[in-house]
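Asker: My structure is below; once you've seen it, I'll send some questions.
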Amino acid sequence: MIDKKNARSPDYKKSLDRIDKGGYCPFCWKNLAKEHKKPILLQTKHWVVTENQFSYKEARVKLLLIYKEHTNEFLELPEEAWLELRDIYKKIISKFKLRGSSFFSRQGDTKYTGGTVKHLHFHIIAGDGKKEVLVRVG
């Protein structure tokens, strides 16, 4: 369910160790509250939006858009989930007044993505325009 070798901080590695011992996926809807301490900002039939609690400290906006069902592959998403994702992205752009952002996903084999959680999710990262925001993908 997770790949601890890609953890980017000691706190995140500690959290991943607990998850690994518990043997559950931290991004599946039924498990999300076990480890994730940030509030849910938006919820739809297929997605949950929350702040990323472990990375991109220099970013003004650092959100996770997590698919509620367990999958790690784009091709398993129904059309309705893609349409919801587009609508969520529009709402986020408006709510946070984004003039630019990085929108990316981690799916598939983590040795190619640099990801830690093997559950389909997207990141939205945006800076404040004053300092550089580095997004490490792999």
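Convention: chains lettered A, B, ... in structure tokens order; per-chain residue numbering from 1; ligands numbered from 1 as shown.
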Which neighbours of range 50-65 of chain A fall inside 8 Å, counting only C-alpha atoms, when residues of the same chain fewer than 4 positions from it are skipped, and could you give them as number ranges by chain?

Answerer: A: 8-9, 11-12, 36-42, 96, 121-128, 131-135

Asker: Could you name the residues that touch range 72-75 of chain A at 10 Å or less, counting only C-alpha atoms, but leaving out those on the same chain fewer than 2 positions away, as a PyMOL selection string?

Answerer: chain A and resi 1+67+69-70+77-79+82+105-109+117-121

Asker: Can you list, as a list in words, every residue of range 67-119 of chain A that DSSP puts in helix (DSSP H, G or I)?

Answerer: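 Selection result, helix (DSSP H, G or I) within range 67-119 of chain A: Phe74, Leu75, Glu76, Glu79, Glu80, Ala81, Trp82, Leu83, Glu84, Leu85, Arg86, Asp87, Ile88, Tyr89, Lys90, Lys91, Ile92, Ile93, Ser94, Lys95, Thr110, Lys111, Tyr112 and Thr113 of chain A.
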
Asker: Tell me, which residues of chain A carry DSSP strand (DSSP E or B), written as a count of residues only?

Answerer: 29

Asker: One decimal, Å: what's the distance from CA of Trp29 in chain A over to CA of Lys68 in chain A, could you say?

Answerer: 5.0 Å

Asker: Tell me which protein, DNA and RNA residues are within 10 Å of Gly23 in chain A, counting only C-alpha atoms, leaving out same-chain ones fewer than 5 positions away, and put them as a list of chain:residue names.

Answerer: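 The residues satisfying every condition are A:Met1, A:Ile2, A:Asp17, A:Arg18.
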
Asker: With C-alpha atoms retained, export the selected residues as a PDB file, in the first residue's frame.

Answerer:
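Result went into again.pdb, see below:
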```pdb
ATOM      1  CA  MET A   1       0.000   0.000   0.000  1.00  0.00           C
ATOM      2  CA  ILE A   2       2.946   2.364   0.602  1.00  0.00           C
ATOM      3  CA  ASP A  17       6.019   3.125   9.375  1.00  0.00           C
ATOM      4  CA  ARG A  18       2.783   3.192  11.435  1.00  0.00           C
TER       5      ARG A  18
END
```

Asker: Pick from A:Lys13, A:Ala7, A:Glu80, A:Ser102: nearest to Lys45 in chain A, with only C-alpha atoms counted?

Answerer: A:Glu80

Asker: Please report the interatomic distance between CA of Asp87 in chain A and CA of Gly115 in chain A in Å with one decimal.

Answerer: 24.9 Å

Asker: May I ask which of the residues A:Asn6, A:Thr44, A:Ser15, A:Asn31 is the closest one to Ile88 in chain A, counting only C-alpha atoms?

Answerer: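 Between A:Asn6, A:Thr44, A:Ser15, A:Asn31, the residue approaching Ile88 in chain A most closely is A:Thr44.
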
Asker: For CA of Cys25 in chain A and CA of Ile93 in chain A, determine how far apart the two atoms are, in Å to one decimal place.

Answerer: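 Value for the CA of Cys25 in chain A-CA of Ile93 in chain A distance: 28.5 Å.
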